[in-house]
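A.B. asks: Enclosed is the structure file final13.pdb (PDB, C-alpha atoms, pLDDT in the B column).
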```pdb
MODEL        1
ATOM      1  CA  MET A   1      18.058   0.159 -11.126  1.00 61.00           C
ATOM      2  CA  GLN A   2      18.882  -3.399 -12.236  1.00 78.00           C
ATOM      3  CA  VAL A   3      22.096  -3.403 -10.200  1.00 81.00           C
ATOM      4  CA  ARG A   4      20.557  -1.710  -7.163  1.00 81.00           C
ATOM      5  CA  GLU A   5      17.530  -4.022  -6.904  1.00 80.00           C
ATOM      6  CA  PRO A   6      19.338  -7.265  -5.902  1.00 80.00           C
ATOM      7  CA  LEU A   7      21.509  -5.305  -3.469  1.00 81.00           C
ATOM      8  CA  SER A   8      18.434  -3.765  -1.874  1.00 81.00           C
ATOM      9  CA  SER A   9      16.574  -7.089  -1.674  1.00 78.00           C
ATOM     10  CA  TYR A  10      19.419  -9.346  -0.536  1.00 76.00           C
ATOM     11  CA  HIS A  11      21.586  -7.007   1.548  1.00 76.00           C
ATOM     12  CA  ALA A  12      18.824  -4.603   2.657  1.00 79.00           C
ATOM     13  CA  LEU A  13      20.948  -1.634   1.598  1.00 79.00           C
ATOM     14  CA  SER A  14      19.526   1.810   0.910  1.00 81.00           C
ATOM     15  CA  GLY A  15      20.587   5.383   0.297  1.00 85.00           C
ATOM     16  CA  ARG A  16      24.282   6.131  -0.035  1.00 85.00           C
ATOM     17  CA  ALA A  17      25.323   2.642   1.074  1.00 87.00           C
ATOM     18  CA  LEU A  18      23.280   1.134  -1.772  1.00 86.00           C
ATOM     19  CA  ALA A  19      24.688   3.527  -4.362  1.00 84.00           C
ATOM     20  CA  SER A  20      28.248   2.995  -3.111  1.00 88.00           C
ATOM     21  CA  ARG A  21      27.963  -0.793  -3.293  1.00 87.00           C
ATOM     22  CA  ALA A  22      26.425  -0.600  -6.788  1.00 86.00           C
ATOM     23  CA  VAL A  23      29.360   1.518  -7.955  1.00 89.00           C
ATOM     24  CA  GLU A  24      31.779  -1.029  -6.472  1.00 87.00           C
ATOM     25  CA  LEU A  25      30.044  -3.841  -8.338  1.00 86.00           C
ATOM     26  CA  LEU A  26      30.214  -2.020 -11.664  1.00 89.00           C
ATOM     27  CA  ALA A  27      33.896  -1.289 -11.102  1.00 90.00           C
ATOM     28  CA  SER A  28      34.543  -4.947 -10.254  1.00 87.00           C
ATOM     29  CA  VAL A  29      33.338  -6.033 -13.709  1.00 87.00           C
ATOM     30  CA  GLY A  30      35.572  -3.525 -15.486  1.00 85.00           C
ATOM     31  CA  ILE A  31      33.155  -0.694 -16.255  1.00 87.00           C
ATOM     32  CA  SER A  32      34.898   2.656 -16.498  1.00 85.00           C
ATOM     33  CA  SER A  33      33.396   5.675 -14.708  1.00 86.00           C
ATOM     34  CA  PRO A  34      31.022   3.412 -12.759  1.00 86.00           C
ATOM     35  CA  ALA A  35      29.338   6.238 -10.842  1.00 87.00           C
ATOM     36  CA  ALA A  36      28.282   7.876 -14.113  1.00 85.00           C
ATOM     37  CA  ARG A  37      27.252   4.555 -15.683  1.00 85.00           C
ATOM     38  CA  LEU A  38      24.999   3.864 -12.704  1.00 82.00           C
ATOM     39  CA  ARG A  39      22.657   6.549 -14.010  1.00 82.00           C
ATOM     40  CA  ALA A  40      22.786   5.403 -17.639  1.00 84.00           C
ATOM     41  CA  PHE A  41      19.974   3.692 -19.542  1.00 85.00           C
ATOM     42  CA  PRO A  42      20.685   0.417 -21.400  1.00 84.00           C
ATOM     43  CA  HIS A  43      20.517   2.099 -24.827  1.00 87.00           C
ATOM     44  CA  GLN A  44      23.351   4.395 -23.732  1.00 88.00           C
ATOM     45  CA  LEU A  45      25.714   1.461 -23.180  1.00 86.00           C
ATOM     46  CA  SER A  46      27.558  -0.694 -25.702  1.00 85.00           C
ATOM     47  CA  GLY A  47      26.799  -4.395 -26.025  1.00 81.00           C
ATOM     48  CA  GLY A  48      29.931  -5.293 -24.096  1.00 83.00           C
ATOM     49  CA  MET A  49      29.049  -2.890 -21.283  1.00 84.00           C
ATOM     50  CA  ARG A  50      25.517  -4.275 -21.048  1.00 87.00           C
ATOM     51  CA  GLN A  51      26.946  -7.772 -20.675  1.00 84.00           C
ATOM     52  CA  ARG A  52      29.224  -6.521 -17.894  1.00 86.00           C
ATOM     53  CA  VAL A  53      26.250  -4.963 -16.114  1.00 87.00           C
ATOM     54  CA  VAL A  54      24.520  -8.344 -16.284  1.00 85.00           C
ATOM     55  CA  GLY A  55      27.645  -9.839 -14.693  1.00 85.00           C
ATOM     56  CA  ALA A  56      27.452  -7.271 -11.883  1.00 87.00           C
ATOM     57  CA  MET A  57      23.783  -8.124 -11.326  1.00 86.00           C
ATOM     58  CA  ALA A  58      24.615 -11.841 -11.222  1.00 84.00           C
ATOM     59  CA  ILE A  59      27.167 -11.543  -8.421  1.00 84.00           C
ATOM     60  CA  ALA A  60      25.228  -9.023  -6.351  1.00 84.00           C
ATOM     61  CA  ALA A  61      23.501 -11.658  -4.186  1.00 81.00           C
ATOM     62  CA  PRO A  62      26.194 -13.366  -4.148  1.00 81.00           C
ATOM     63  CA  PRO A  63      25.431 -16.721  -5.827  1.00 86.00           C
ATOM     64  CA  ARG A  64      27.058 -20.150  -5.469  1.00 90.00           C
ATOM     65  CA  LEU A  65      26.047 -21.084  -9.026  1.00 92.00           C
ATOM     66  CA  LEU A  66      26.152 -18.817 -12.067  1.00 89.00           C
ATOM     67  CA  ILE A  67      24.191 -19.861 -15.185  1.00 91.00           C
ATOM     68  CA  ALA A  68      25.537 -18.088 -18.267  1.00 89.00           C
ATOM     69  CA  ASP A  69      23.073 -18.634 -21.135  1.00 90.00           C
ATOM     70  CA  GLU A  70      24.652 -17.613 -24.457  1.00 88.00           C
ATOM     71  CA  PRO A  71      26.478 -14.700 -22.762  1.00 85.00           C
ATOM     72  CA  THR A  72      28.588 -13.830 -25.813  1.00 84.00           C
ATOM     73  CA  THR A  73      25.713 -13.512 -28.307  1.00 80.00           C
ATOM     74  CA  SER A  74      26.061 -10.473 -30.601  1.00 76.00           C
ATOM     75  CA  LEU A  75      29.515  -9.556 -29.247  1.00 80.00           C
ATOM     76  CA  ASP A  76      32.420  -9.174 -31.663  1.00 83.00           C
ATOM     77  CA  LEU A  77      35.418 -11.461 -31.152  1.00 84.00           C
ATOM     78  CA  THR A  78      37.520  -8.926 -29.224  1.00 84.00           C
ATOM     79  CA  ILE A  79      34.746  -8.042 -26.772  1.00 83.00           C
ATOM     80  CA  GLN A  80      33.802 -11.727 -26.562  1.00 85.00           C
ATOM     81  CA  ALA A  81      37.311 -12.665 -25.451  1.00 87.00           C
ATOM     82  CA  GLN A  82      37.299  -9.872 -22.848  1.00 86.00           C
ATOM     83  CA  TYR A  83      33.954 -10.989 -21.478  1.00 87.00           C
ATOM     84  CA  LEU A  84      35.043 -14.627 -21.236  1.00 89.00           C
ATOM     85  CA  ARG A  85      38.107 -13.531 -19.262  1.00 88.00           C
ATOM     86  CA  LEU A  86      35.793 -11.543 -16.990  1.00 87.00           C
ATOM     87  CA  LEU A  87      33.586 -14.582 -16.360  1.00 88.00           C
ATOM     88  CA  THR A  88      36.629 -16.703 -15.558  1.00 90.00           C
ATOM     89  CA  ASP A  89      37.876 -14.021 -13.173  1.00 88.00           C
ATOM     90  CA  LEU A  90      34.482 -13.747 -11.449  1.00 86.00           C
ATOM     91  CA  GLN A  91      34.329 -17.527 -11.094  1.00 89.00           C
ATOM     92  CA  GLU A  92      37.752 -17.712  -9.467  1.00 89.00           C
ATOM     93  CA  ARG A  93      37.333 -14.618  -7.312  1.00 87.00           C
ATOM     94  CA  HIS A  94      33.924 -15.592  -5.943  1.00 86.00           C
ATOM     95  CA  ARG A  95      34.488 -19.388  -6.028  1.00 90.00           C
ATOM     96  CA  LEU A  96      31.431 -19.944  -8.206  1.00 89.00           C
ATOM     97  CA  ALA A  97      30.252 -23.039  -9.985  1.00 92.00           C
ATOM     98  CA  MET A  98      29.225 -22.067 -13.511  1.00 92.00           C
ATOM     99  CA  ILE A  99      26.936 -23.665 -16.086  1.00 93.00           C
ATOM    100  CA  PHE A 100      27.797 -22.300 -19.516  1.00 92.00           C
ATOM    101  CA  VAL A 101      25.057 -22.668 -22.134  1.00 93.00           C
ATOM    102  CA  THR A 102      26.296 -22.109 -25.691  1.00 92.00           C
ATOM    103  CA  HIS A 103      26.314 -23.426 -29.244  1.00 90.00           C
ATOM    104  CA  ASN A 104      29.932 -22.281 -29.688  1.00 89.00           C
ATOM    105  CA  LEU A 105      32.147 -25.357 -29.345  1.00 89.00           C
ATOM    106  CA  GLY A 106      35.302 -23.237 -29.321  1.00 87.00           C
ATOM    107  CA  ILE A 107      34.099 -21.509 -26.163  1.00 88.00           C
ATOM    108  CA  VAL A 108      33.230 -24.868 -24.595  1.00 91.00           C
ATOM    109  CA  ALA A 109      36.749 -26.149 -25.264  1.00 90.00           C
ATOM    110  CA  LYS A 110      38.253 -23.047 -23.677  1.00 88.00           C
ATOM    111  CA  MET A 111      35.925 -22.448 -20.723  1.00 88.00           C
ATOM    112  CA  CYS A 112      34.584 -25.765 -19.495  1.00 92.00           C
ATOM    113  CA  ASP A 113      35.756 -28.801 -17.545  1.00 93.00           C
ATOM    114  CA  ARG A 114      32.799 -31.003 -18.450  1.00 96.00           C
ATOM    115  CA  VAL A 115      30.352 -30.828 -21.320  1.00 96.00           C
ATOM    116  CA  ALA A 116      26.820 -32.123 -21.848  1.00 97.00           C
ATOM    117  CA  VAL A 117      25.648 -32.317 -25.466  1.00 97.00           C
ATOM    118  CA  MET A 118      21.895 -31.904 -25.858  1.00 96.00           C
ATOM    119  CA  TYR A 119      19.575 -32.872 -28.697  1.00 96.00           C
ATOM    120  CA  ALA A 120      15.791 -32.436 -28.697  1.00 94.00           C
ATOM    121  CA  GLY A 121      15.816 -31.436 -25.041  1.00 92.00           C
ATOM    122  CA  ARG A 122      17.837 -34.403 -23.748  1.00 94.00           C
ATOM    123  CA  VAL A 123      21.477 -34.913 -22.888  1.00 97.00           C
ATOM    124  CA  VAL A 124      22.780 -37.427 -25.448  1.00 97.00           C
ATOM    125  CA  GLU A 125      26.414 -37.435 -24.340  1.00 98.00           C
ATOM    126  CA  ALA A 126      28.295 -36.057 -21.338  1.00 97.00           C
ATOM    127  CA  GLY A 127      31.821 -36.229 -20.055  1.00 97.00           C
ATOM    128  CA  PRO A 128      35.115 -34.381 -19.572  1.00 97.00           C
ATOM    129  CA  VAL A 129      35.817 -31.825 -22.273  1.00 96.00           C
ATOM    130  CA  GLY A 130      39.024 -33.569 -23.380  1.00 95.00           C
ATOM    131  CA  THR A 131      37.192 -36.876 -23.771  1.00 96.00           C
ATOM    132  CA  ILE A 132      34.229 -35.450 -25.672  1.00 95.00           C
ATOM    133  CA  PHE A 133      36.421 -33.477 -28.074  1.00 95.00           C
ATOM    134  CA  GLY A 134      39.043 -36.194 -28.444  1.00 94.00           C
ATOM    135  CA  ALA A 135      36.869 -39.304 -28.580  1.00 94.00           C
ATOM    136  CA  PRO A 136      33.176 -38.436 -29.101  1.00 96.00           C
ATOM    137  CA  ARG A 137      30.832 -41.421 -29.138  1.00 96.00           C
ATOM    138  CA  HIS A 138      27.338 -40.228 -29.964  1.00 97.00           C
ATOM    139  CA  PRO A 139      26.730 -39.661 -33.706  1.00 96.00           C
ATOM    140  CA  TYR A 140      25.272 -36.222 -33.014  1.00 96.00           C
ATOM    141  CA  THR A 141      28.353 -35.160 -31.039  1.00 96.00           C
ATOM    142  CA  ARG A 142      30.625 -36.402 -33.819  1.00 94.00           C
ATOM    143  CA  ALA A 143      28.556 -34.576 -36.436  1.00 93.00           C
ATOM    144  CA  LEU A 144      28.737 -31.329 -34.466  1.00 92.00           C
ATOM    145  CA  LEU A 145      32.520 -31.527 -34.148  1.00 91.00           C
ATOM    146  CA  GLU A 146      32.952 -32.428 -37.828  1.00 88.00           C
ATOM    147  CA  SER A 147      30.920 -29.361 -38.838  1.00 85.00           C
ATOM    148  CA  VAL A 148      33.413 -26.972 -37.197  1.00 80.00           C
ATOM    149  CA  PRO A 149      35.972 -25.498 -39.636  1.00 76.00           C
ATOM    150  CA  ARG A 150      39.611 -26.135 -38.743  1.00 72.00           C
ATOM    151  CA  LEU A 151      42.681 -24.141 -39.640  1.00 68.00           C
ATOM    152  CA  GLY A 152      44.828 -26.011 -42.141  1.00 65.00           C
ATOM    153  CA  ALA A 153      42.061 -28.423 -43.149  1.00 61.00           C
ATOM    154  CA  ARG A 154      41.885 -29.041 -46.905  1.00 66.00           C
ATOM    155  CA  ALA A 155      38.278 -30.153 -47.084  1.00 61.00           C
ATOM    156  CA  GLU A 156      36.347 -28.174 -49.703  1.00 65.00           C
ATOM    157  CA  TRP A 157      33.038 -28.626 -47.905  1.00 71.00           C
ATOM    158  CA  LEU A 158      32.101 -28.646 -44.245  1.00 72.00           C
ATOM    159  CA  THR A 159      30.186 -31.625 -42.922  1.00 78.00           C
ATOM    160  CA  ALA A 160      26.479 -30.848 -42.610  1.00 83.00           C
ATOM    161  CA  ILE A 161      23.839 -32.634 -40.537  1.00 89.00           C
ATOM    162  CA  GLU A 162      21.078 -33.594 -42.963  1.00 89.00           C
ATOM    163  CA  GLY A 163      17.430 -33.008 -42.128  1.00 90.00           C
ATOM    164  CA  GLN A 164      15.762 -30.835 -39.524  1.00 91.00           C
ATOM    165  CA  PRO A 165      15.447 -31.026 -35.729  1.00 92.00           C
ATOM    166  CA  PRO A 166      12.237 -32.715 -34.577  1.00 93.00           C
ATOM    167  CA  ASP A 167       9.129 -31.004 -33.266  1.00 93.00           C
ATOM    168  CA  LEU A 168       9.542 -31.101 -29.482  1.00 92.00           C
ATOM    169  CA  ALA A 169       5.778 -31.401 -29.111  1.00 92.00           C
ATOM    170  CA  ALA A 170       5.707 -34.524 -31.289  1.00 91.00           C
ATOM    171  CA  LEU A 171       8.991 -36.381 -30.870  1.00 91.00           C
ATOM    172  CA  PRO A 172       9.462 -39.541 -32.937  1.00 89.00           C
ATOM    173  CA  ARG A 173       9.598 -42.953 -31.329  1.00 92.00           C
ATOM    174  CA  GLY A 174      12.981 -44.204 -30.252  1.00 95.00           C
ATOM    175  CA  CYS A 175      16.041 -41.999 -30.532  1.00 96.00           C
ATOM    176  CA  ALA A 176      15.112 -38.444 -31.536  1.00 96.00           C
ATOM    177  CA  PHE A 177      18.268 -38.199 -33.656  1.00 96.00           C
ATOM    178  CA  ALA A 178      17.581 -41.425 -35.608  1.00 95.00           C
ATOM    179  CA  PRO A 179      15.878 -39.733 -38.611  1.00 94.00           C
ATOM    180  CA  ARG A 180      19.082 -37.726 -39.220  1.00 94.00           C
ATOM    181  CA  CYS A 181      21.636 -40.341 -38.170  1.00 95.00           C
ATOM    182  CA  ALA A 182      23.713 -42.219 -40.760  1.00 91.00           C
ATOM    183  CA  HIS A 183      24.238 -45.054 -38.255  1.00 93.00           C
ATOM    184  CA  ALA A 184      20.592 -45.540 -37.257  1.00 94.00           C
ATOM    185  CA  MET A 185      19.362 -49.126 -36.862  1.00 94.00           C
ATOM    186  CA  GLU A 186      15.837 -50.454 -36.622  1.00 95.00           C
ATOM    187  CA  ARG A 187      16.173 -50.512 -32.848  1.00 95.00           C
ATOM    188  CA  CYS A 188      17.001 -46.802 -32.828  1.00 96.00           C
ATOM    189  CA  ARG A 189      13.615 -46.026 -34.394  1.00 95.00           C
ATOM    190  CA  ALA A 190      11.699 -48.252 -31.985  1.00 95.00           C
ATOM    191  CA  GLU A 191      13.339 -47.815 -28.563  1.00 95.00           C
ATOM    192  CA  GLU A 192      14.747 -44.754 -26.848  1.00 95.00           C
ATOM    193  CA  PRO A 193      18.277 -45.612 -25.693  1.00 96.00           C
ATOM    194  CA  PRO A 194      19.107 -45.356 -21.981  1.00 96.00           C
ATOM    195  CA  GLU A 195      22.331 -43.831 -20.707  1.00 96.00           C
ATOM    196  CA  PHE A 196      25.334 -46.106 -21.160  1.00 96.00           C
ATOM    197  CA  ALA A 197      28.361 -45.529 -18.927  1.00 96.00           C
ATOM    198  CA  LEU A 198      31.586 -45.443 -20.933  1.00 94.00           C
ATOM    199  CA  GLY A 199      34.017 -44.926 -18.056  1.00 88.00           C
ATOM    200  CA  ALA A 200      35.774 -41.968 -16.414  1.00 87.00           C
ATOM    201  CA  GLY A 201      32.603 -39.914 -16.107  1.00 93.00           C
ATOM    202  CA  HIS A 202      31.741 -40.376 -19.788  1.00 97.00           C
ATOM    203  CA  ALA A 203      28.252 -41.492 -20.836  1.00 97.00           C
ATOM    204  CA  SER A 204      26.214 -41.687 -24.035  1.00 97.00           C
ATOM    205  CA  ARG A 205      22.597 -42.335 -25.011  1.00 97.00           C
ATOM    206  CA  CYS A 206      23.184 -44.367 -28.154  1.00 97.00           C
ATOM    207  CA  TRP A 207      22.439 -48.012 -28.953  1.00 96.00           C
ATOM    208  CA  LEU A 208      25.871 -48.233 -30.590  1.00 95.00           C
ATOM    209  CA  ASP A 209      27.309 -48.033 -27.076  1.00 95.00           C
ATOM    210  CA  ALA A 210      25.109 -50.781 -25.644  1.00 92.00           C
ATOM    211  CA  PRO A 211      27.117 -53.599 -24.009  1.00 88.00           C
ATOM    212  CA  ALA A 212      27.630 -56.573 -26.325  1.00 76.00           C
TER
ENDMDL
END
```
Output the file's structure as structure tokens, nothing else.

C.D. replies:
Amino acid sequence: MQVREPLSSYHALSGRALASRAVELLASVGISSPAARLRAFPHQLSGGMRQRVVGAMAIAAPPRLLIADEPTTSLDLTIQAQYLRLLTDLQERHRLAMIFVTHNLGIVAKMCDRVAVMYAGRVVEAGPVGTIFGAPRHPYTRALLESVPRLGARAEWLTAIEGQPPDLAALPRGCAFAPRCAHAMERCRAEEPPEFALGAGHASRCWLDAPA
């Protein structure tokens, strides 16, 4: 039903034409025996198959922009890698723009061209992936990257970000990250920083990046 509905609404298909197109969509996202799966309920499919069905639903319209919000949640590493390859293939085949929402920095490094780092509902740093990973500027971005374990690293403890995220309904004055930031100044607690351009499409919301 979930695959048929967008086809029926957008393409005005019905009957055998609708069923045939739904089967084609399921096959295009790598689902085996798509005709049989078309009659299956969600609980009869594995987590990886359910994610593939969601992919089929997403391209049924077809869209110009695909928003993938935590698409690899609850998938094991093997299925996760397969699903990421599928998303990349769908993007190239259908010439889609894609916004990838995730907390997994490894996936960001592999999948994305640009990255926007958010804290307390605001983008605090944005730029090309290579720039953000190679030369992060905002203290929150640096803290996130330092908290990721690395092969070959000899550190006994991972870096942790002290404190707790703020209540979004009662944000503190100034920079929302200031209460947890080791570099916070008095100005950080009094004034919310604007966006400072750092060059080559890179920008940060941090008073440390304010022009001298």

A.B. asks: Grab the CA of Arg85 (chain A) to CA of Met111 (chain A) distance for me, in Å with one decimal place.

C.D. replies: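 Taking CA of Arg85 (chain A) and CA of Met111 (chain A), their separation equals 9.3 Å.
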
A.B. asks: For Ala61 (chain A), work out the shell of residues within 8 Å, counting only C-alpha atoms and skipping chain neighbours fewer than 6 positions away, then give it as an NGL selection string.

C.D. replies: :A and (6-7 or 10-11)

A.B. asks: Deliver the residues from the most recent selection as a file, using C-alpha atoms, as a PDB file, in the coordinates of the input.

C.D. replies:
```
ATOM      1  CA  PRO A   6      19.338  -7.265  -5.902  1.00 80.00           C
ATOM      2  CA  LEU A   7      21.509  -5.305  -3.469  1.00 81.00           C
ATOM      3  CA  TYR A  10      19.419  -9.346  -0.536  1.00 76.00           C
ATOM      4  CA  HIS A  11      21.586  -7.007   1.548  1.00 76.00           C
TER       5      HIS A  11
END
```

A.B. asks: So which one's closest to Gln164 (chain A), A:Gly55, A:Gly47, A:Gly121, A:Pro179? Using all atoms listed in the file, please.

C.D. replies: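 For Gln164 (chain A), the nearest of the given residues is A:Pro179.
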
A.B. asks: Please measure the separation of CA of Ile161 (chain A) and CA of Gly174 (chain A), giving the value in Å to one decimal.

C.D. replies: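 Pair CA of Ile161 (chain A) / CA of Gly174 (chain A) returns 18.9 Å.
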
A.B. asks: Name all residues at most 7 Å from Leu66 (chain A) (count only C-alpha atoms; drop same-chain ones fewer than 2 positions away) and give them as a JSON list (two decimals) with C-alpha atoms, in the frame of the given file.

C.D. replies:
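After the write, result04.json holds the following:
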```
[["chain", "number", "residue", "atom", "x", "y", "z"],
["A", 63, "PRO", "CA", 25.43, -16.72, -5.83],
["A", 64, "ARG", "CA", 27.06, -20.15, -5.47],
["A", 68, "ALA", "CA", 25.54, -18.09, -18.27],
["A", 96, "LEU", "CA", 31.43, -19.94, -8.21],
["A", 97, "ALA", "CA", 30.25, -23.04, -9.98],
["A", 98, "MET", "CA", 29.22, -22.07, -13.51],
["A", 99, "ILE", "CA", 26.94, -23.66, -16.09]]
```

A.B. asks: Could you give me, as a list in words, the residues within 8 Å of Trp207 (chain A), counting all atoms listed in the file and dropping anything in the same chain fewer than 4 positions from it?

C.D. replies: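 The filter keeps Arg187, Cys188 and Pro193 of chain A.
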
A.B. asks: Report as a PyMOL selection string all protein, DNA and RNA residues lying within 10 Å of Ala143 (chain A), evaluated on only C-alpha atoms, omitting residues in the same chain fewer than 2 positions from it.

C.D. replies: chain A and resi 136+138-141+145-148+159-162+181

A.B. asks: Between CA of Ser32 (chain A) and CA of Asp89 (chain A), what is the spacing in Å?

C.D. replies: 17.3 Å

A.B. asks: So which residues touch Phe196 (chain A) within 8 Å, counting only C-alpha atoms, skipping near sequence neighbours fewer than 2 positions away, as a JSON list (two decimals) with C-alpha atoms, in the frame of the given file?

C.D. replies:
```
[["chain", "number", "residue", "atom", "x", "y", "z"],
["A", 194, "PRO", "CA", 19.11, -45.36, -21.98],
["A", 198, "LEU", "CA", 31.59, -45.44, -20.93],
["A", 203, "ALA", "CA", 28.25, -41.49, -20.84],
["A", 204, "SER", "CA", 26.21, -41.69, -24.04],
["A", 205, "ARG", "CA", 22.60, -42.34, -25.01],
["A", 206, "CYS", "CA", 23.18, -44.37, -28.15],
["A", 209, "ASP", "CA", 27.31, -48.03, -27.08],
["A", 210, "ALA", "CA", 25.11, -50.78, -25.64]]
```

A.B. asks: If the PyMOL selection byres ((chain A and resi 39) around 12) is run on the structure shown, which residues does it catch, given as number ranges by chain?

C.D. replies: A: 1-4, 19, 22-23, 26, 33-38, 40-45

A.B. asks: Per residue of region 57-114 of chain A within 8 Å of region 123-129 of chain A, which atom pair is closest and at what distance in Å (one decimal), using all atoms listed in the file, listed by chain and increasing number, as a tab-separated table?

C.D. replies:
```
residue	atom	partner	partner_atom	distance
A:Val108	CA	A:Val129	CA	7.8
A:Ala109	CA	A:Val129	CA	6.5
A:Cys112	CA	A:Val129	CA	6.8
A:Asp113	CA	A:Val129	CA	5.6
A:Arg114	CA	A:Pro128	CA	4.2
```

A.B. asks: When you count only C-alpha atoms, which of these residues is closest to Leu171 (chain A): A:Ala212, A:Phe100, A:Ser74, A:Glu192?

C.D. replies: A:Glu192

A.B. asks: Counting only C-alpha atoms, which of A:Ala60, A:Leu87, A:Gly30, A:Val54 gets nearest to Leu18 (chain A)?

C.D. replies: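 Counting only C-alpha atoms, the residue closest to Leu18 (chain A) is A:Ala60.
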
A.B. asks: Quick check on the file I pasted: which residues fall under the PyMOL selection byres ((chain A and resi 81) around 12)? Write them as a list in words.

C.D. replies: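 In the shown coordinates, the PyMOL selection byres ((chain A and resi 81) around 12) covers Gly48, Pro71, Thr72, Thr73, Leu75, Asp76, Leu77, Thr78, Ile79, Gln80, Gln82, Tyr83, Leu84, Arg85, Leu86, Leu87, Thr88, Gly106, Ile107, Lys110 and Met111 of chain A.
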
A.B. asks: Looking at A:Met118, A:Val29, A:Ala17, A:Ala182, which one is nearest to Met57 (chain A), with distances taken over only C-alpha atoms?

C.D. replies: A:Val29

A.B. asks: So which residues are close to (15.5, -38.3, -29.8), meaning at most 8 Å away in the file's coordinates with all atoms listed in the file counted, and can you show them as JSON, numbers by chain?

C.D. replies: {"A": [119, 120, 122, 171, 172, 173, 174, 175, 176, 177, 178, 192]}

A.B. asks: Generate the output file for the selected residues, C-alpha atoms, as a compact mmCIF listing (two decimals), keeping the file's coordinate frame.

C.D. replies:
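result_29.txt was written with the following content:
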```txt
# COMPACT_ATOMS: atom_id res chain seq x y z
CA TYR A 119 19.58 -32.87 -28.70
CA ALA A 120 15.79 -32.44 -28.70
CA ARG A 122 17.84 -34.40 -23.75
CA LEU A 171 8.99 -36.38 -30.87
CA PRO A 172 9.46 -39.54 -32.94
CA ARG A 173 9.60 -42.95 -31.33
CA GLY A 174 12.98 -44.20 -30.25
CA CYS A 175 16.04 -42.00 -30.53
CA ALA A 176 15.11 -38.44 -31.54
CA PHE A 177 18.27 -38.20 -33.66
CA ALA A 178 17.58 -41.42 -35.61
CA GLU A 192 14.75 -44.75 -26.85
```
